[in-house]
Amino acid sequence: MTNTITPPALAAIPAVTEALAGAGYISTPAISTTVYLAHHLRKPMLVEGPAGVGKTELAQSLARALELELHRLQCYAGLDESKALYEWRYGKQLLYTQVLKERVNAITGAAESLSGALAALNDFNDVFFSRDFLEPRPLLRALESKGAVLLIDEIDKSDEEFEAFLLEVLSDYQVTIPELGVISANVAPLVVLTSNATRDLGDALKRRCLHLHIDFPDAKREQAIVRARVPGISEALLRQVVSFVQQVRGLNLRKAPSVSETVDWARTMLLMNAQALDPQLVRETLGVLLKRQADFEEAEERVEAMTAQARTERA
Amino acid sequence: MEAALTGFIRALRMAGAPVSPAEAIDAARTLAIIGVSDRDVMKESLAAVLAKSVEEKAIHDGVFDDYFARADVETEDTPQPEDQSADDPEAEDEGGASGEDGEAQQAGGEDDFLSLANSTDAARIALALERAAAAADVESMRFSMQTGPVARRMLEALGVRAMEAEILRRFEAGGPENTAAAEAMIAARARLQARARAYIEQRFEAVGRFATEAFMEEVVSERAMDAMSLRDMARLKPIVARLAKRLAERHALRMRRRRRGRLDVRRTLTKSAATDGVPFDLVWRRKKRDRPKIVAVCDVSGSVARSVRFLLMFLYALAEETADVQSFAFSARLGEVTSLLAEHEFEAAFDLILRAHGGGSTDYGAALEDLDAGFSSLIDRRTTVIILGDGRSNRGNPRLDLFRALAAQAKRVVWLCNEPPAMWGTGDSCMLEYRPLCSSVSHCATVLDLERVLDNALAAYG
């Protein structure tokens, strides 16, 4: 059975918000509440939302805020247990077999009968399937550490089989390695799964997780994020930049600009010594925000109107 | 609170957000941790535990607001007259002074009804109503006409009978003092009754509304598509989209991929021969997966005009959900509509397809010729061909030879016919000729039919 130690940063919901802010992450009540519950209910949290809203960043900030190790498992099609949990070091095993061949001959040579040789070998019971030959992967490392943040990134990219396998790990915080037995976590790791919803996840997995949907931030929160990331930006420019991006997201685009792109754009503006948005400048730098040609053209038509709207924002 | 939580979860389920027992337990644990003092925290917390997608979150928030709005409504909407608060201590005195009263109410085993009715403590009233509601089984209510009887049951659960007996006794005893007390009790009963009714109406708003909505969807799912009105059609669209999504998920069409499997000992050892038996290079088994494909051919001619909207709606939803669907439409000549479906909103795609391919008289033979001539390379042993149509070919040559070749080439051919089996083979219908060549032929008139048939057809994908 794992025990739960509650660090001060997880003692109350406002404390979570504060700790995350300390790590440079601007939280929302929904995010803080889910983190708080994830710890107290000992449940993984499944974070969904469009690309670039800070899902991965949340796990990283949590690790920083709680001063825990971060174990990251990047999912992709074809990911299996051997990459996620543990793997026997086959190469080492085979090499050792070769190298130790003579020793084996010496041991079994002394025995007179076949069964004698077998008995002599039995003393070396499973020597090749011991911890020395085990390569722990992120899941196992997270279970064995004393408190950690486990980030399972883009779970929707993995296969359904892998999802099923995760269920055992996530519900009991333990895994079975046939040769070694059950390994269970001393301290349950704080698990964050992220998904971009390229496919729908299984109900069983969803049921075991707390669900958190992070959407694009509203203007106020996005301002706070940019302010934290781009120190030195003037308040007036900050407001205009955020207002403009928020308008761009309202267009019918294939890929709306993410928060990190807002940050990049704000940095660009700062580098170009801009005091305020103007259509010419926006046109020149729009590529930072929009990466698709069709989106770019769509937005370019409306640059004047959106810039004018953004300039009505007052500091 | 437990009763309230149970009721809330039931309301969620009614509203179309599934909640498993495990999640219900989590919700109870959550409330134990975060408490119920902060409404917003409670809402976010329950959402995290109970709502597992954006859609469910939206449902959750709506139901939460409806369901837990009650307490607020009560404190705002039931103003307390001044003289009543003056009555309050008096009422309690009365209860204390006359031992008989106390006994009668204790016999009922209920809170002091009168003091409850005169109470200004919103939390106390809410709690009592909550208990009474559980006793009166408010959640099972389905129609707003039931409000009256259910309200009465709630009052009885609160011990109104004991007080009614007391009212009678006071009237019988007579005298101005007794009459005034009895009238005060009647007024108290009316107040509590009004609250009970408000409670029920509010609760019904949260639960019953969705029940009605779910009921309507059920009706539409079972209605034959030929008999659908435009309004039904509008209701149908999200249902069909959900259906296609469900099918696509259940039979997730997987990309062909190579996967690293277990160590291939035999080949590793073979390779190690080059390095004097020392295995430097490890060889892994690889797994291969087929990529299944769907070719959907939809009849859009005049004879299926009534169903065509529905069939195309399904085709559209399926194309949205899975990548490997190639869609064709025909009356006489056949044309590919895959990109039309992919690039336009449904209504626009529908009009474009009908303009390009619809309206003419049907000729299955000609359509098969076009399919064979232009697209036969699409069809191989991994392809499932889905044909949507009535098999009425206007006495043209059905080209069974081409159809036979098609069926032999594809993994399977599934025919979804909008006419009932009794009509097959009548008039110009060629269904009976085509049938033996198909892997399966089904009559498909409602959304439920469609789901069942396709589910079976796709289940064979191993």
# chains A, B, ... in the order shown; residues from 1 in each chain; ligands from 1

$ residues_around --residues "region 143-146 of chain A" --least-positions-apart "2" --cutoff "10 Å" --atoms "only C-alpha atoms" --output "PyMOL selection string"
chain A and resi 68-69+71+85+136+138-141+148-150+169+173-175+183-189

$ write_last_selection --atoms "C-alpha atoms" --output "CSV table (one decimal), in the first residue's frame"
chain,number,residue,atom,x,y,z
A,68,LEU,CA,9.9,16.3,-7.7
A,69,GLU,CA,11.5,14.4,-10.5
A,71,HIS,CA,9.5,11.2,-15.8
A,85,LEU,CA,8.0,0.0,-18.5
A,136,PRO,CA,13.9,0.5,-16.4
A,138,PRO,CA,9.8,5.9,-17.5
A,139,LEU,CA,6.8,4.1,-15.9
A,140,LEU,CA,9.0,1.8,-13.8
A,141,ARG,CA,11.3,4.7,-12.8
A,148,ALA,CA,7.6,11.9,-8.9
A,149,VAL,CA,5.5,13.6,-11.6
A,150,LEU,CA,4.8,11.1,-14.4
A,169,VAL,CA,-0.3,0.7,-13.8
A,173,TYR,CA,0.4,2.1,-9.1
A,174,GLN,CA,2.0,-1.3,-9.4
A,175,VAL,CA,3.3,-3.5,-12.2
A,183,ILE,CA,6.7,-3.9,-8.0
A,184,SER,CA,4.5,-1.3,-6.3
A,185,ALA,CA,5.1,2.4,-5.7
A,186,ASN,CA,6.1,3.5,-2.3
A,187,VAL,CA,4.8,6.9,-3.0
A,188,ALA,CA,2.2,7.2,-5.7
A,189,PRO,CA,3.4,9.5,-8.5

$ select_by_dssp --residues "region 125-195 of chain A" --states "strand (DSSP E or B)" --output "PyMOL selection string"
chain A and resi 134-136+146+148-153+174-177+181-184+187+190-195

$ interface_residues --of "chain B" --to "chain A" --cutoff "9 Å" --atoms "only C-alpha atoms" --output "NGL selection string"
:B and (19-20 or 22-23 or 26 or 29-30 or 33-34 or 40-41 or 44-45 or 47-54 or 57 or 249 or 257-261 or 263 or 277-282)

$ residues_around --residues "Leu5 (chain B)" --least-positions-apart "3" --cutoff "9 Å" --atoms "only C-alpha atoms" --output "MDAnalysis selection string"
chainID B and resid 1:2 8:10 24 27:28

$ residues_around --residues "region 325-328 of chain B" --least-positions-apart "2" --cutoff "12 Å" --atoms "only C-alpha atoms" --output "PyMOL selection string"
chain B and resi 248+253+291-300+311-312+314-323+330-331+333-342+353-354+356-358+367-368+370-371+374-375+378-379+383-388

$ write_last_selection --atoms "C-alpha atoms" --output "PDB file, in the first residue's frame"
ATOM      1  CA  ALA B 248     -15.605   4.328 -36.326  1.00  0.00           C
ATOM      2  CA  LEU B 253      -9.454   1.654 -38.861  1.00  0.00           C
ATOM      3  CA  ARG B 291      -5.239  -1.174 -43.607  1.00  0.00           C
ATOM      4  CA  PRO B 292      -8.902  -1.808 -44.222  1.00  0.00           C
ATOM      5  CA  LYS B 293     -10.709   0.388 -46.681  1.00  0.00           C
ATOM      6  CA  ILE B 294     -14.306   1.223 -47.315  1.00  0.00           C
ATOM      7  CA  VAL B 295     -15.775   2.022 -50.697  1.00  0.00           C
ATOM      8  CA  ALA B 296     -19.273   3.380 -50.283  1.00  0.00           C
ATOM      9  CA  VAL B 297     -21.582   3.658 -53.259  1.00  0.00           C
ATOM     10  CA  CYS B 298     -24.789   5.583 -52.760  1.00  0.00           C
ATOM     11  CA  ASP B 299     -27.825   5.646 -55.025  1.00  0.00           C
ATOM     12  CA  VAL B 300     -29.111   9.242 -55.227  1.00  0.00           C
ATOM     13  CA  LEU B 311     -27.992   7.944 -46.508  1.00  0.00           C
ATOM     14  CA  LEU B 312     -25.744  10.817 -47.486  1.00  0.00           C
ATOM     15  CA  PHE B 314     -24.458   8.830 -42.843  1.00  0.00           C
ATOM     16  CA  LEU B 315     -21.856   8.769 -45.585  1.00  0.00           C
ATOM     17  CA  TYR B 316     -20.810  12.258 -44.572  1.00  0.00           C
ATOM     18  CA  ALA B 317     -20.489  11.342 -40.914  1.00  0.00           C
ATOM     19  CA  LEU B 318     -18.543   8.204 -41.719  1.00  0.00           C
ATOM     20  CA  ALA B 319     -16.150  10.102 -43.984  1.00  0.00           C
ATOM     21  CA  GLU B 320     -15.594  12.609 -41.223  1.00  0.00           C
ATOM     22  CA  GLU B 321     -14.696   9.924 -38.747  1.00  0.00           C
ATOM     23  CA  THR B 322     -12.510   7.633 -40.784  1.00  0.00           C
ATOM     24  CA  ALA B 323      -9.843   8.484 -43.289  1.00  0.00           C
ATOM     25  CA  PHE B 330     -24.878   7.774 -58.938  1.00  0.00           C
ATOM     26  CA  SER B 331     -28.221   7.863 -60.632  1.00  0.00           C
ATOM     27  CA  ARG B 333     -23.525   7.621 -64.249  1.00  0.00           C
ATOM     28  CA  LEU B 334     -21.334   7.214 -61.220  1.00  0.00           C
ATOM     29  CA  GLY B 335     -19.001   9.851 -59.802  1.00  0.00           C
ATOM     30  CA  GLU B 336     -16.655  10.121 -56.898  1.00  0.00           C
ATOM     31  CA  VAL B 337     -17.843  12.433 -54.117  1.00  0.00           C
ATOM     32  CA  THR B 338     -15.137  11.827 -51.515  1.00  0.00           C
ATOM     33  CA  SER B 339     -13.664  15.298 -51.813  1.00  0.00           C
ATOM     34  CA  LEU B 340     -17.077  16.962 -51.927  1.00  0.00           C
ATOM     35  CA  LEU B 341     -17.914  15.364 -48.602  1.00  0.00           C
ATOM     36  CA  ALA B 342     -14.562  16.260 -47.134  1.00  0.00           C
ATOM     37  CA  ILE B 353     -23.966  15.948 -54.857  1.00  0.00           C
ATOM     38  CA  LEU B 354     -27.599  16.035 -55.840  1.00  0.00           C
ATOM     39  CA  ALA B 356     -24.041  16.616 -59.945  1.00  0.00           C
ATOM     40  CA  HIS B 357     -25.398  13.110 -59.705  1.00  0.00           C
ATOM     41  CA  GLY B 358     -28.979  13.138 -58.519  1.00  0.00           C
ATOM     42  CA  ALA B 367     -23.052   2.677 -62.454  1.00  0.00           C
ATOM     43  CA  LEU B 368     -21.291  -0.659 -62.114  1.00  0.00           C
ATOM     44  CA  ASP B 370     -18.334   3.215 -64.352  1.00  0.00           C
ATOM     45  CA  LEU B 371     -17.097   1.779 -61.099  1.00  0.00           C
ATOM     46  CA  GLY B 374     -12.669   3.975 -63.388  1.00  0.00           C
ATOM     47  CA  PHE B 375     -12.098   2.718 -59.902  1.00  0.00           C
ATOM     48  CA  LEU B 378      -9.452   0.814 -55.413  1.00  0.00           C
ATOM     49  CA  ILE B 379     -11.006  -2.499 -54.651  1.00  0.00           C
ATOM     50  CA  THR B 383     -11.911  -3.440 -49.192  1.00  0.00           C
ATOM     51  CA  THR B 384     -15.400  -3.475 -47.825  1.00  0.00           C
ATOM     52  CA  VAL B 385     -17.893  -2.223 -50.373  1.00  0.00           C
ATOM     53  CA  ILE B 386     -21.034  -0.691 -48.916  1.00  0.00           C
ATOM     54  CA  ILE B 387     -23.897  -0.128 -51.319  1.00  0.00           C
ATOM     55  CA  LEU B 388     -26.747   2.094 -50.262  1.00  0.00           C
TER      56      LEU B 388
END

$ residues_around --residues "Val127 (chain A)" --least-positions-apart "5" --cutoff "12 Å" --atoms "only C-alpha atoms" --output "ChimeraX atom specification"
/A:93,96-97,100,121-122,132-134,179-180

$ write_last_selection --atoms "C-alpha atoms" --output "PDB file, in the first residue's frame"
ATOM      1  CA  GLN A  93      22.434 -11.134 -21.542  1.00  0.00           C
ATOM      2  CA  TYR A  96      27.394 -12.586 -20.850  1.00  0.00           C
ATOM      3  CA  THR A  97      26.224 -15.988 -22.008  1.00  0.00           C
ATOM      4  CA  LEU A 100      30.595 -17.112 -19.371  1.00  0.00           C
ATOM      5  CA  LEU A 121      23.121 -24.847 -13.019  1.00  0.00           C
ATOM      6  CA  ASN A 122      20.090 -24.344 -10.857  1.00  0.00           C
ATOM      7  CA  ASP A 132      21.364  -6.144 -13.254  1.00  0.00           C
ATOM      8  CA  PHE A 133      19.900  -7.003 -16.593  1.00  0.00           C
ATOM      9  CA  LEU A 134      16.803  -4.867 -16.284  1.00  0.00           C
ATOM     10  CA  GLU A 179      10.597 -12.842 -13.405  1.00  0.00           C
ATOM     11  CA  LEU A 180      10.786 -10.463 -10.456  1.00  0.00           C
TER      12      LEU A 180
END

$ residues_around --residues "Met163 (chain B)" --least-positions-apart "2" --cutoff "8 Å" --atoms "only C-alpha atoms" --output "list in words"
Gln105, Phe113, Leu114, Gly159, Val160, Arg161, Ala165, Glu166, Ile167 and Met185 of chain B

$ write_last_selection --atoms "N, CA and C atoms" --output "tab-separated table (two decimals), in the first residue's frame"
chain	number	residue	atom	x	y	z
B	105	GLN	N	-45.91	14.86	17.51
B	105	GLN	CA	-44.95	14.96	16.43
B	105	GLN	C	-43.81	13.96	16.56
B	113	PHE	N	-42.75	20.17	12.33
B	113	PHE	CA	-43.25	20.69	11.07
B	113	PHE	C	-43.48	22.18	11.13
B	114	LEU	N	-44.10	22.60	12.23
B	114	LEU	CA	-44.48	24.00	12.35
B	114	LEU	C	-43.25	24.89	12.44
B	159	GLY	N	-44.07	15.21	8.12
B	159	GLY	CA	-44.91	15.09	9.31
B	159	GLY	C	-46.13	15.98	9.31
B	160	VAL	N	-46.66	16.27	8.13
B	160	VAL	CA	-47.81	17.18	8.07
B	160	VAL	C	-49.07	16.56	8.70
B	161	ARG	N	-49.14	15.24	8.68
B	161	ARG	CA	-50.36	14.60	9.21
B	161	ARG	C	-50.56	14.89	10.68
B	165	ALA	N	-53.85	16.82	12.26
B	165	ALA	CA	-54.67	16.32	13.36
B	165	ALA	C	-54.80	17.39	14.44
B	166	GLU	N	-53.67	18.06	14.68
B	166	GLU	CA	-53.66	19.12	15.69
B	166	GLU	C	-54.57	20.28	15.27
B	167	ILE	N	-54.54	20.60	13.96
B	167	ILE	CA	-55.40	21.69	13.47
B	167	ILE	C	-56.87	21.35	13.73
B	185	MET	N	-51.24	27.59	11.68
B	185	MET	CA	-50.69	26.32	11.22
B	185	MET	C	-51.04	26.07	9.76

$ atom_distance --atom1 "CA of Lys255 (chain A)" --atom2 "CA of Leu352 (chain B)"
26.7 Å
